[in-house]
Structures are given as C-alpha cells and as structure tokens.
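**Student:** Here you go, coords15.tsv (TSV, N, CA and C atoms and all ligand atoms):
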```tsv
chain	number	residue	atom	x	y	z
V	741	MET	N	-5.68	-19.69	-47.29
V	741	MET	CA	-4.62	-20.07	-46.35
V	741	MET	C	-3.82	-18.84	-45.92
V	742	ARG	N	-3.51	-18.02	-46.89
V	742	ARG	CA	-2.74	-16.82	-46.56
V	742	ARG	C	-3.55	-15.92	-45.62
V	743	LYS	N	-4.87	-15.86	-45.91
V	743	LYS	CA	-5.73	-15.02	-45.08
V	743	LYS	C	-5.78	-15.59	-43.65
V	744	TYR	N	-5.82	-16.92	-43.58
V	744	TYR	CA	-5.85	-17.56	-42.27
V	744	TYR	C	-4.59	-17.22	-41.48
V	745	LEU	N	-3.44	-17.29	-42.17
V	745	LEU	CA	-2.17	-16.98	-41.49
V	745	LEU	C	-2.14	-15.52	-41.02
V	746	ARG	N	-2.69	-14.68	-41.87
V	746	ARG	CA	-2.68	-13.26	-41.51
V	746	ARG	C	-3.56	-13.03	-40.27
V	747	ASN	N	-4.70	-13.72	-40.24
V	747	ASN	CA	-5.58	-13.60	-39.07
V	747	ASN	C	-4.90	-14.16	-37.82
V	748	LEU	N	-4.19	-15.26	-38.03
V	748	LEU	CA	-3.50	-15.89	-36.91
V	748	LEU	C	-2.43	-14.94	-36.36
V	749	ALA	N	-1.68	-14.33	-37.30
V	749	ALA	CA	-0.64	-13.39	-36.88
V	749	ALA	C	-1.27	-12.23	-36.13
V	750	GLY	N	-2.40	-11.76	-36.66
V	750	GLY	CA	-3.09	-10.65	-35.99
V	750	GLY	C	-3.52	-11.03	-34.59
V	751	ALA	N	-4.02	-12.26	-34.46
V	751	ALA	CA	-4.48	-12.72	-33.15
V	751	ALA	C	-3.31	-12.83	-32.18
V	752	LEU	N	-2.18	-13.32	-32.68
V	752	LEU	CA	-1.00	-13.45	-31.81
V	752	LEU	C	-0.49	-12.08	-31.37
V	753	ILE	N	-0.52	-11.13	-32.30
V	753	ILE	CA	-0.07	-9.78	-31.94
V	753	ILE	C	-1.02	-9.18	-30.90
V	754	ALA	N	-2.32	-9.41	-31.10
V	754	ALA	CA	-3.31	-8.88	-30.15
V	754	ALA	C	-3.07	-9.50	-28.78
V	755	LEU	N	-2.76	-10.80	-28.76
V	755	LEU	CA	-2.50	-11.51	-27.50
V	755	LEU	C	-1.26	-10.92	-26.83
V	756	ALA	N	-0.22	-10.68	-27.63
V	756	ALA	CA	1.02	-10.13	-27.08
V	756	ALA	C	0.77	-8.73	-26.51
V	757	LEU	N	-0.02	-7.95	-27.24
V	757	LEU	CA	-0.30	-6.58	-26.78
V	757	LEU	C	-1.13	-6.60	-25.50
V	758	SER	N	-2.12	-7.49	-25.42
V	758	SER	CA	-2.95	-7.53	-24.23
V	758	SER	C	-2.12	-8.01	-23.04
V	759	GLY	N	-1.17	-8.91	-23.31
V	759	GLY	CA	-0.28	-9.36	-22.25
V	759	GLY	C	0.56	-8.22	-21.73
V	760	ALA	N	1.05	-7.41	-22.65
V	760	ALA	CA	1.88	-6.28	-22.26
V	760	ALA	C	1.06	-5.26	-21.48
V	761	ALA	N	-0.19	-5.07	-21.91
V	761	ALA	CA	-1.04	-4.09	-21.24
V	761	ALA	C	-1.41	-4.58	-19.84
V	762	ALA	N	-1.49	-5.90	-19.66
V	762	ALA	CA	-1.90	-6.45	-18.38
V	762	ALA	C	-0.77	-6.41	-17.36
V	763	ALA	N	0.46	-6.33	-17.85
V	763	ALA	CA	1.61	-6.40	-16.93
V	763	ALA	C	1.58	-5.35	-15.82
V	764	PRO	N	1.35	-4.06	-16.14
V	764	PRO	CA	1.34	-3.07	-15.05
V	764	PRO	C	0.21	-3.33	-14.06
V	765	ALA	N	-0.89	-3.93	-14.54
V	765	ALA	CA	-2.05	-4.16	-13.69
V	765	ALA	C	-1.76	-5.20	-12.61
V	766	THR	N	-0.71	-6.00	-12.80
V	766	THR	CA	-0.39	-6.99	-11.78
V	766	THR	C	0.46	-6.36	-10.67
V	767	ALA	N	0.82	-5.08	-10.86
V	767	ALA	CA	1.68	-4.41	-9.87
V	767	ALA	C	0.84	-3.89	-8.71
V	768	HIS	N	0.39	-4.80	-7.86
V	768	HIS	CA	-0.35	-4.33	-6.70
V	768	HIS	C	0.61	-3.63	-5.73
V	769	ALA	N	0.02	-2.94	-4.76
V	769	ALA	CA	0.82	-2.02	-3.94
V	769	ALA	C	1.76	-2.73	-2.97
V	770	VAL	N	3.02	-2.39	-3.09
V	770	VAL	CA	4.05	-2.88	-2.18
V	770	VAL	C	4.75	-1.66	-1.59
V	771	ILE	N	5.10	-1.74	-0.32
V	771	ILE	CA	5.75	-0.59	0.33
V	771	ILE	C	7.17	-0.38	-0.21
V	772	VAL	N	7.46	0.85	-0.56
V	772	VAL	CA	8.80	1.22	-1.01
V	772	VAL	C	9.60	1.79	0.16
V	773	SER	N	8.95	2.63	0.96
V	773	SER	CA	9.61	3.14	2.16
V	773	SER	C	8.56	3.46	3.22
V	774	ALA	N	8.95	3.32	4.48
V	774	ALA	CA	8.00	3.51	5.58
V	774	ALA	C	8.59	4.34	6.69
V	775	THR	N	7.75	5.24	7.24
V	775	THR	CA	8.07	6.00	8.45
V	775	THR	C	6.87	5.89	9.38
V	776	PRO	N	7.00	5.36	10.61
V	776	PRO	CA	8.25	4.75	11.10
V	776	PRO	C	8.56	3.46	10.35
V	777	ASN	N	9.82	3.12	10.34
V	777	ASN	CA	10.24	1.88	9.70
V	777	ASN	C	10.09	0.73	10.70
V	778	ALA	N	10.10	-0.49	10.21
V	778	ALA	CA	9.96	-1.64	11.09
V	778	ALA	C	11.07	-1.63	12.14
V	779	ASP	N	10.66	-1.82	13.39
V	779	ASP	CA	11.58	-1.90	14.54
V	779	ASP	C	12.26	-0.57	14.87
V	780	GLU	N	11.80	0.49	14.28
V	780	GLU	CA	12.37	1.81	14.59
V	780	GLU	C	11.86	2.28	15.96
V	781	GLN	N	12.67	3.07	16.67
V	781	GLN	CA	12.21	3.69	17.91
V	781	GLN	C	11.99	5.18	17.65
V	782	VAL	N	10.80	5.65	18.02
V	782	VAL	CA	10.47	7.06	17.79
V	782	VAL	C	10.22	7.76	19.12
V	783	LYS	N	10.17	9.10	19.06
V	783	LYS	CA	9.92	9.87	20.28
V	783	LYS	C	8.44	9.80	20.66
V	784	PRO	N	8.14	9.94	21.95
V	784	PRO	CA	6.74	9.94	22.36
V	784	PRO	C	6.01	11.17	21.81
V	785	GLY	N	4.69	11.07	21.77
V	785	GLY	CA	3.88	12.17	21.24
V	785	GLY	C	3.16	11.71	19.98
V	786	LYS	N	2.73	12.67	19.18
V	786	LYS	CA	2.06	12.32	17.93
V	786	LYS	C	3.10	11.85	16.93
V	787	VAL	N	2.83	10.74	16.30
V	787	VAL	CA	3.79	10.16	15.36
V	787	VAL	C	3.25	10.31	13.94
V	788	ALA	N	4.06	10.94	13.09
V	788	ALA	CA	3.68	11.11	11.69
V	788	ALA	C	3.98	9.82	10.93
V	789	ILE	N	2.97	9.33	10.24
V	789	ILE	CA	3.12	8.09	9.46
V	789	ILE	C	3.19	8.45	7.98
V	790	ARG	N	4.13	7.82	7.32
V	790	ARG	CA	4.25	8.04	5.88
V	790	ARG	C	4.64	6.71	5.23
V	791	LEU	N	3.74	6.17	4.44
V	791	LEU	CA	4.01	4.91	3.75
V	791	LEU	C	3.98	5.16	2.25
V	792	GLU	N	5.12	4.91	1.62
V	792	GLU	CA	5.20	5.13	0.18
V	792	GLU	C	5.10	3.79	-0.54
V	793	PHE	N	4.23	3.73	-1.54
V	793	PHE	CA	4.01	2.49	-2.28
V	793	PHE	C	4.53	2.61	-3.71
V	794	ASN	N	4.62	1.46	-4.37
V	794	ASN	CA	5.13	1.43	-5.73
V	794	ASN	C	4.08	1.80	-6.76
V	795	SER	N	2.84	1.96	-6.32
V	795	SER	CA	1.79	2.30	-7.28
V	795	SER	C	0.72	3.16	-6.60
V	796	ARG	N	-0.14	3.68	-7.41
V	796	ARG	CA	-1.25	4.49	-6.90
V	796	ARG	C	-2.13	3.62	-6.01
V	797	ILE	N	-2.70	4.24	-4.99
V	797	ILE	CA	-3.60	3.49	-4.13
V	797	ILE	C	-4.91	4.25	-3.97
V	798	ASP	N	-5.96	3.50	-3.65
V	798	ASP	CA	-7.26	4.09	-3.40
V	798	ASP	C	-7.32	4.43	-1.91
V	799	LYS	N	-7.09	5.68	-1.58
V	799	LYS	CA	-6.96	6.06	-0.17
V	799	LYS	C	-8.26	5.89	0.61
V	800	GLU	N	-9.39	6.09	-0.09
V	800	GLU	CA	-10.67	5.96	0.62
V	800	GLU	C	-10.93	4.52	1.03
V	801	ARG	N	-10.32	3.57	0.32
V	801	ARG	CA	-10.55	2.16	0.64
V	801	ARG	C	-9.31	1.53	1.28
V	802	SER	N	-8.45	2.37	1.81
V	802	SER	CA	-7.26	1.88	2.50
V	802	SER	C	-7.42	2.17	3.98
V	803	ARG	N	-6.61	1.50	4.79
V	803	ARG	CA	-6.83	1.60	6.22
V	803	ARG	C	-5.51	1.52	6.98
V	804	LEU	N	-5.42	2.31	8.05
V	804	LEU	CA	-4.29	2.23	8.97
V	804	LEU	C	-4.85	1.95	10.35
V	805	GLN	N	-4.33	0.91	11.00
V	805	GLN	CA	-4.80	0.58	12.34
V	805	GLN	C	-3.60	0.41	13.26
V	806	LEU	N	-3.72	1.02	14.42
V	806	LEU	CA	-2.61	0.99	15.38
V	806	LEU	C	-3.00	0.12	16.57
V	807	THR	N	-2.10	-0.81	16.91
V	807	THR	CA	-2.29	-1.61	18.12
V	807	THR	C	-1.34	-1.07	19.18
V	808	ALA	N	-1.91	-0.67	20.32
V	808	ALA	CA	-1.14	-0.08	21.42
V	808	ALA	C	-0.50	-1.18	22.26
V	809	PRO	N	0.43	-0.82	23.15
V	809	PRO	CA	1.08	-1.82	24.01
V	809	PRO	C	0.07	-2.63	24.83
V	810	ASP	N	-1.06	-2.02	25.18
V	810	ASP	CA	-2.06	-2.76	25.98
V	810	ASP	C	-3.01	-3.59	25.10
V	811	GLY	N	-2.74	-3.63	23.81
V	811	GLY	CA	-3.56	-4.43	22.90
V	811	GLY	C	-4.72	-3.67	22.29
V	812	GLY	N	-4.97	-2.47	22.77
V	812	GLY	CA	-6.06	-1.67	22.23
V	812	GLY	C	-5.80	-1.26	20.79
V	813	LYS	N	-6.84	-1.32	19.97
V	813	LYS	CA	-6.69	-0.97	18.55
V	813	LYS	C	-7.42	0.32	18.24
V	814	SER	N	-6.82	1.12	17.39
V	814	SER	CA	-7.49	2.35	16.95
V	814	SER	C	-7.11	2.62	15.51
V	815	ASP	N	-8.04	3.24	14.79
V	815	ASP	CA	-7.76	3.61	13.40
V	815	ASP	C	-7.01	4.93	13.36
V	816	VAL	N	-6.12	5.05	12.42
V	816	VAL	CA	-5.44	6.31	12.17
V	816	VAL	C	-6.04	6.87	10.89
V	817	ALA	N	-6.55	8.09	10.98
V	817	ALA	CA	-7.18	8.71	9.81
V	817	ALA	C	-6.14	8.92	8.71
V	818	ILE	N	-6.53	8.58	7.50
V	818	ILE	CA	-5.64	8.73	6.35
V	818	ILE	C	-5.90	10.07	5.68
V	819	ASP	N	-4.83	10.83	5.47
V	819	ASP	CA	-4.97	12.09	4.74
V	819	ASP	C	-5.36	11.77	3.30
V	820	GLN	N	-6.41	12.40	2.81
V	820	GLN	CA	-6.86	12.12	1.44
V	820	GLN	C	-6.07	12.90	0.40
V	821	ALA	N	-5.46	14.00	0.82
V	821	ALA	CA	-4.66	14.79	-0.12
V	821	ALA	C	-3.26	14.20	-0.21
V	822	GLY	N	-2.44	14.79	-1.06
V	822	GLY	CA	-1.05	14.34	-1.18
V	822	GLY	C	-0.81	13.46	-2.38
V	823	GLU	N	0.39	12.92	-2.45
V	823	GLU	CA	0.78	12.11	-3.60
V	823	GLU	C	-0.08	10.85	-3.68
V	824	PRO	N	-0.44	10.41	-4.89
V	824	PRO	CA	-1.37	9.29	-5.05
V	824	PRO	C	-0.80	7.94	-4.61
V	825	ASN	N	0.51	7.85	-4.44
V	825	ASN	CA	1.11	6.58	-4.03
V	825	ASN	C	1.64	6.63	-2.59
V	826	VAL	N	1.25	7.68	-1.86
V	826	VAL	CA	1.77	7.82	-0.49
V	826	VAL	C	0.62	7.96	0.50
V	827	LEU	N	0.63	7.11	1.52
V	827	LEU	CA	-0.36	7.18	2.60
V	827	LEU	C	0.25	7.93	3.76
V	828	THR	N	-0.45	8.96	4.23
V	828	THR	CA	0.03	9.66	5.41
V	828	THR	C	-1.09	9.80	6.42
V	829	GLY	N	-0.68	9.93	7.68
V	829	GLY	CA	-1.64	10.11	8.77
V	829	GLY	C	-0.84	10.42	10.02
V	830	THR	N	-1.52	10.85	11.05
V	830	THR	CA	-0.85	11.17	12.31
V	830	THR	C	-1.56	10.47	13.45
V	831	THR	N	-0.80	9.81	14.28
V	831	THR	CA	-1.39	9.10	15.42
V	831	THR	C	-1.80	10.10	16.50
V	832	GLY	N	-2.52	9.63	17.49
V	832	GLY	CA	-2.75	10.43	18.69
V	832	GLY	C	-1.47	10.45	19.51
V	833	GLU	N	-1.56	11.00	20.71
V	833	GLU	CA	-0.38	11.06	21.59
V	833	GLU	C	0.00	9.64	22.01
V	834	LEU	N	1.23	9.26	21.69
V	834	LEU	CA	1.69	7.91	22.05
V	834	LEU	C	2.70	8.00	23.19
V	835	THR	N	2.54	7.10	24.15
V	835	THR	CA	3.51	7.01	25.24
V	835	THR	C	4.38	5.78	25.00
V	836	GLY	N	5.38	5.61	25.85
V	836	GLY	CA	6.37	4.56	25.63
V	836	GLY	C	5.78	3.16	25.54
V	837	GLY	N	6.41	2.34	24.69
V	837	GLY	CA	5.99	0.95	24.56
V	837	GLY	C	6.07	0.47	23.13
V	838	ALA	N	5.65	-0.77	22.94
V	838	ALA	CA	5.71	-1.41	21.63
V	838	ALA	C	4.36	-1.31	20.92
V	839	TYR	N	4.40	-0.82	19.71
V	839	TYR	CA	3.19	-0.64	18.91
V	839	TYR	C	3.30	-1.44	17.60
V	840	VAL	N	2.14	-1.68	16.99
V	840	VAL	CA	2.14	-2.29	15.66
V	840	VAL	C	1.21	-1.48	14.77
V	841	LEU	N	1.75	-1.03	13.66
V	841	LEU	CA	0.93	-0.34	12.67
V	841	LEU	C	0.55	-1.34	11.59
V	842	ARG	N	-0.75	-1.58	11.44
V	842	ARG	CA	-1.23	-2.46	10.38
V	842	ARG	C	-1.75	-1.61	9.25
V	843	TRP	N	-1.24	-1.87	8.06
V	843	TRP	CA	-1.73	-1.11	6.89
V	843	TRP	C	-2.42	-2.08	5.95
V	844	GLN	N	-3.46	-1.57	5.32
V	844	GLN	CA	-4.17	-2.34	4.28
V	844	GLN	C	-4.52	-1.36	3.19
V	845	VAL	N	-4.08	-1.64	2.00
V	845	VAL	CA	-4.35	-0.70	0.92
V	845	VAL	C	-4.96	-1.41	-0.29
V	846	LEU	N	-5.78	-0.66	-1.00
V	846	LEU	CA	-6.34	-1.13	-2.25
V	846	LEU	C	-5.60	-0.42	-3.38
V	847	ALA	N	-4.94	-1.22	-4.20
V	847	ALA	CA	-4.22	-0.63	-5.33
V	847	ALA	C	-5.21	-0.40	-6.47
V	848	ILE	N	-4.80	0.41	-7.43
V	848	ILE	CA	-5.66	0.73	-8.55
V	848	ILE	C	-5.98	-0.52	-9.38
V	849	ASP	N	-5.14	-1.56	-9.29
V	849	ASP	CA	-5.42	-2.80	-10.03
V	849	ASP	C	-6.47	-3.66	-9.33
V	850	GLY	N	-7.00	-3.18	-8.21
V	850	GLY	CA	-8.07	-3.91	-7.54
V	850	GLY	C	-7.59	-4.90	-6.50
V	851	HIS	N	-6.30	-5.01	-6.31
V	851	HIS	CA	-5.76	-5.97	-5.33
V	851	HIS	C	-5.52	-5.29	-3.99
V	852	ILE	N	-5.88	-5.99	-2.94
V	852	ILE	CA	-5.62	-5.51	-1.58
V	852	ILE	C	-4.33	-6.14	-1.07
V	853	THR	N	-3.47	-5.33	-0.49
V	853	THR	CA	-2.29	-5.86	0.18
V	853	THR	C	-2.28	-5.29	1.59
V	854	ARG	N	-1.62	-6.00	2.50
V	854	ARG	CA	-1.56	-5.54	3.89
V	854	ARG	C	-0.28	-6.00	4.52
V	855	GLY	N	0.03	-5.37	5.64
V	855	GLY	CA	1.24	-5.76	6.37
V	855	GLY	C	1.28	-5.08	7.71
V	856	ASP	N	2.22	-5.52	8.54
V	856	ASP	CA	2.39	-4.98	9.89
V	856	ASP	C	3.76	-4.32	10.01
V	857	ILE	N	3.79	-3.18	10.65
V	857	ILE	CA	5.05	-2.51	10.94
V	857	ILE	C	5.16	-2.35	12.46
V	858	PRO	N	5.96	-3.18	13.13
V	858	PRO	CA	6.16	-3.01	14.56
V	858	PRO	C	7.16	-1.90	14.82
V	859	PHE	N	6.88	-1.03	15.77
V	859	PHE	CA	7.83	0.01	16.14
V	859	PHE	C	7.72	0.30	17.62
V	860	LYS	N	8.70	1.01	18.13
V	860	LYS	CA	8.71	1.33	19.56
V	860	LYS	C	8.65	2.82	19.78
V	861	VAL	N	7.96	3.20	20.85
V	861	VAL	CA	7.98	4.59	21.29
V	861	VAL	C	8.82	4.64	22.55
V	862	ALA	N	9.77	5.57	22.56
V	862	ALA	CA	10.67	5.71	23.71
V	862	ALA	C	9.90	6.18	24.94
V	863	ASP	N	10.37	5.85	26.12
V	863	ASP	CA	9.73	6.30	27.36
V	863	ASP	C	9.96	7.79	27.58
Y	1	CU	CU	-2.17	-6.55	-8.10
```
Turn the structure described in the file into structure tokens.

**Tutor:**
Amino acid sequence: MRKYLRNLAGALIALALSGAAAAPATAHAVIVSATPNADEQVKPGKVAIRLEFNSRIDKERSRLQLTAPDGGKSDVAIDQAGEPNVLTGTTGELTGGAYVLRWQVLAIDGHITRGDIPFKVAD
C-alpha cells in the first residue's frame, strides 16, 4: 500500500511537471507591437514593416501579404535575419490609399496565427 501511494505521488508529480512544461508551448504567436500600426497613416514610398511577437516564430513558414487599394495582392518578402520573434520586410513603392497587411506566422509551438493590419498611405 505504501508503495502504491508512493507511485501515485510520483505519477501526480510527473503530471504536474508535464503540465508546467506544456504551459509555454500553448503560447502561440501574438503581436506585441506593429509598424505600421492598425489605422496608422504613413508616407508614400517603400514602407518598412516590423511585427514583434510574444514568442519565436518560424520565419520560413510565415507570410506577409499586402492588399493594395485596387484589391491587388502581393507578398512582402520576410527578412530571414534579425530577432527570432520579430518579422520584418519592406514593401514596394506605395502610393496613396488604403492598404491591408495580412500576416500569418507559425510559432515554435506549431500553431499558426494570422491577422490583418489596415493602414493608410498619404497622397
Ligand atoms: Cu500555440
């Protein structure tokens, strides 16, 4: 009986430890700060994009897509270098109008998250 209790205690501790170890893995990527920010107005020309996340991301399996005022979509190349939790890239020459930056990232925990950042380019 004592041995059984000891095994049970060991199993419960193992369960608690595995639960604790799993906690960070549920932290899929969420944006901490964005440039441009939602609804921000930026100057025309090439726009530097910088999206900072709360966790490391797999840049090769992440994507940035820009929708132009005329509805045309284009990918923005993601810089592979830099901080592991920050996505950066530079758009082509943008003229005035409303744009939407769609981001999709794969976090190290295997979860994909995505979102849209609408912004404006001044005339
Ligand atoms: Cu996750």

**Student:** Rounded to one decimal place, report the atom C of Pro824 in chain V-atom N of Pro784 in chain V distance in Å.

**Tutor:**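 Separation between atom C of Pro824 in chain V and atom N of Pro784 in chain V: 28.1 Å.
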
**Student:** Give the residue list for ligand CU 1 (chain Y) at 7 Å, counting only N, CA and C atoms and all ligand atoms, as a compact mmCIF listing (two decimals) with N, CA and C atoms, keeping the file's coordinate frame, sorted by chain and then by residue number.

**Tutor:**
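Result file is selection03.txt:
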```txt
# COMPACT_ATOMS: atom_id res chain seq x y z
N ALA V 765 -0.89 -3.93 -14.54
CA ALA V 765 -2.05 -4.16 -13.69
C ALA V 765 -1.76 -5.20 -12.61
N THR V 766 -0.71 -6.00 -12.80
CA THR V 766 -0.39 -6.99 -11.78
C THR V 766 0.46 -6.36 -10.67
N ALA V 767 0.82 -5.08 -10.86
CA ALA V 767 1.68 -4.41 -9.87
C ALA V 767 0.84 -3.89 -8.71
N HIS V 768 0.39 -4.80 -7.86
CA HIS V 768 -0.35 -4.33 -6.70
C HIS V 768 0.61 -3.63 -5.73
N ALA V 769 0.02 -2.94 -4.76
CA ALA V 769 0.82 -2.02 -3.94
C ALA V 769 1.76 -2.73 -2.97
N ALA V 847 -4.94 -1.22 -4.20
CA ALA V 847 -4.22 -0.63 -5.33
C ALA V 847 -5.21 -0.40 -6.47
N ASP V 849 -5.14 -1.56 -9.29
CA ASP V 849 -5.42 -2.80 -10.03
C ASP V 849 -6.47 -3.66 -9.33
N GLY V 850 -7.00 -3.18 -8.21
CA GLY V 850 -8.07 -3.91 -7.54
C GLY V 850 -7.59 -4.90 -6.50
N HIS V 851 -6.30 -5.01 -6.31
CA HIS V 851 -5.76 -5.97 -5.33
C HIS V 851 -5.52 -5.29 -3.99
N ILE V 852 -5.88 -5.99 -2.94
CA ILE V 852 -5.62 -5.51 -1.58
C ILE V 852 -4.33 -6.14 -1.07
```

**Student:** Residues at most 6.5 Å from Ile857 in chain V, counting only N, CA and C atoms, excluding those fewer than 5 positions away in the same chain, as an MDAnalysis selection string?

**Tutor:** chainID V and resid 777:779 839:843

**Student:** Would you mind exporting the chosen residues as a PDB file, in the frame of the given file, restricted to N, CA and C atoms?

**Tutor:**
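As a result, part.pdb now contains:
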```pdb
ATOM      1  N   ASN V 777       9.820   3.120  10.340  1.00  0.00           N
ATOM      2  CA  ASN V 777      10.240   1.880   9.700  1.00  0.00           C
ATOM      3  C   ASN V 777      10.090   0.730  10.700  1.00  0.00           C
ATOM      4  N   ALA V 778      10.100  -0.490  10.210  1.00  0.00           N
ATOM      5  CA  ALA V 778       9.960  -1.640  11.090  1.00  0.00           C
ATOM      6  C   ALA V 778      11.070  -1.630  12.140  1.00  0.00           C
ATOM      7  N   ASP V 779      10.660  -1.820  13.390  1.00  0.00           N
ATOM      8  CA  ASP V 779      11.580  -1.900  14.540  1.00  0.00           C
ATOM      9  C   ASP V 779      12.260  -0.570  14.870  1.00  0.00           C
ATOM     10  N   TYR V 839       4.400  -0.820  19.710  1.00  0.00           N
ATOM     11  CA  TYR V 839       3.190  -0.640  18.910  1.00  0.00           C
ATOM     12  C   TYR V 839       3.300  -1.440  17.600  1.00  0.00           C
ATOM     13  N   VAL V 840       2.140  -1.680  16.990  1.00  0.00           N
ATOM     14  CA  VAL V 840       2.140  -2.290  15.660  1.00  0.00           C
ATOM     15  C   VAL V 840       1.210  -1.480  14.770  1.00  0.00           C
ATOM     16  N   LEU V 841       1.750  -1.030  13.660  1.00  0.00           N
ATOM     17  CA  LEU V 841       0.930  -0.340  12.670  1.00  0.00           C
ATOM     18  C   LEU V 841       0.550  -1.340  11.590  1.00  0.00           C
ATOM     19  N   ARG V 842      -0.750  -1.580  11.440  1.00  0.00           N
ATOM     20  CA  ARG V 842      -1.230  -2.460  10.380  1.00  0.00           C
ATOM     21  C   ARG V 842      -1.750  -1.610   9.250  1.00  0.00           C
ATOM     22  N   TRP V 843      -1.240  -1.870   8.060  1.00  0.00           N
ATOM     23  CA  TRP V 843      -1.730  -1.110   6.890  1.00  0.00           C
ATOM     24  C   TRP V 843      -2.420  -2.080   5.950  1.00  0.00           C
TER      25      TRP V 843
END
```

**Student:** Considering all atoms listed in the file, state which residue in the set V:Val770, V:Val861, V:Val816, V:Leu846 is at the smallest distance from Asp798 in chain V.

**Tutor:**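 Of all the options, V:Leu846 lies closest to Asp798 in chain V.
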
**Student:** Using only C-alpha atoms, can you tell me which of V:Gly785, V:Gly855, V:Pro776, V:Gly811 comes closest to Leu834 in chain V?

**Tutor:** V:Gly785

**Student:** Quick one, how far is atom C of Ile797 in chain V from atom C of Gly837 in chain V?

**Tutor:**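 Separation of atom C of Ile797 in chain V and atom C of Gly837 in chain V: 29.5 Å.
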
**Student:** Separation of CA of Asp810 in chain V and CA of Glu833 in chain V, in Å?

**Tutor:**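 About the pair CA of Asp810 in chain V and CA of Glu833 in chain V: they are 14.6 Å apart.
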
**Student:** When distances are computed from only C-alpha atoms, which of V:Leu827, V:Pro809, V:Arg803, V:Gly822 shows the smallest separation from Leu791 in chain V?

**Tutor:**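 The shortest atom-to-atom distance to Leu791 in chain V comes from V:Leu827.
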
**Student:** Set the distance at 12 Å and use only C-alpha atoms: which residues neighbour Gly832 in chain V once local chain neighbours fewer than 6 positions away are removed? I'd like the list as a short mmCIF file (atom, residue, chain, number, x, y, z; two decimals) with N, CA and C atoms, in the coordinates of the input.

**Tutor:**
```cif
data_model
loop_
_atom_site.label_atom_id
_atom_site.label_comp_id
_atom_site.auth_asym_id
_atom_site.auth_seq_id
_atom_site.Cartn_x
_atom_site.Cartn_y
_atom_site.Cartn_z
N PRO V 784 8.14 9.94 21.95
CA PRO V 784 6.74 9.94 22.36
C PRO V 784 6.01 11.17 21.81
N GLY V 785 4.69 11.07 21.77
CA GLY V 785 3.88 12.17 21.24
C GLY V 785 3.16 11.71 19.98
N LYS V 786 2.73 12.67 19.18
CA LYS V 786 2.06 12.32 17.93
C LYS V 786 3.10 11.85 16.93
N VAL V 787 2.83 10.74 16.30
CA VAL V 787 3.79 10.16 15.36
C VAL V 787 3.25 10.31 13.94
N ALA V 788 4.06 10.94 13.09
CA ALA V 788 3.68 11.11 11.69
C ALA V 788 3.98 9.82 10.93
N ILE V 789 2.97 9.33 10.24
CA ILE V 789 3.12 8.09 9.46
C ILE V 789 3.19 8.45 7.98
N GLN V 805 -4.33 0.91 11.00
CA GLN V 805 -4.80 0.58 12.34
C GLN V 805 -3.60 0.41 13.26
N LEU V 806 -3.72 1.02 14.42
CA LEU V 806 -2.61 0.99 15.38
C LEU V 806 -3.00 0.12 16.57
N ALA V 808 -1.91 -0.67 20.32
CA ALA V 808 -1.14 -0.08 21.42
C ALA V 808 -0.50 -1.18 22.26
N SER V 814 -6.82 1.12 17.39
CA SER V 814 -7.49 2.35 16.95
C SER V 814 -7.11 2.62 15.51
N ASP V 815 -8.04 3.24 14.79
CA ASP V 815 -7.76 3.61 13.40
C ASP V 815 -7.01 4.93 13.36
N VAL V 816 -6.12 5.05 12.42
CA VAL V 816 -5.44 6.31 12.17
C VAL V 816 -6.04 6.87 10.89
N ALA V 817 -6.55 8.09 10.98
CA ALA V 817 -7.18 8.71 9.81
C ALA V 817 -6.14 8.92 8.71
#
```

**Student:** Can you list every residue in range 776-822 of chain V that DSSP puts in strand (DSSP E), as a PyMOL selection string?

**Tutor:** chain V and resi 781-782+785-793+797-807+813-815

**Student:** Hey, which of V:Arg854, V:Val826, V:Lys813, V:Asp819 ends up closest to Glu792 in chain V? Count all atoms listed in the file.

**Tutor:**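 So, comparing all the options, the nearest one is V:Val826.
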
**Student:** For each of V:Ala774, V:Ala838, V:Ala862, V:Ile848, take the minimum atom-to-atom distance to Thr807 in chain V, counting all atoms listed in the file, then give the residue where this is smallest.

**Tutor:**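 Counting all atoms listed in the file, the residue closest to Thr807 in chain V is V:Ala838.
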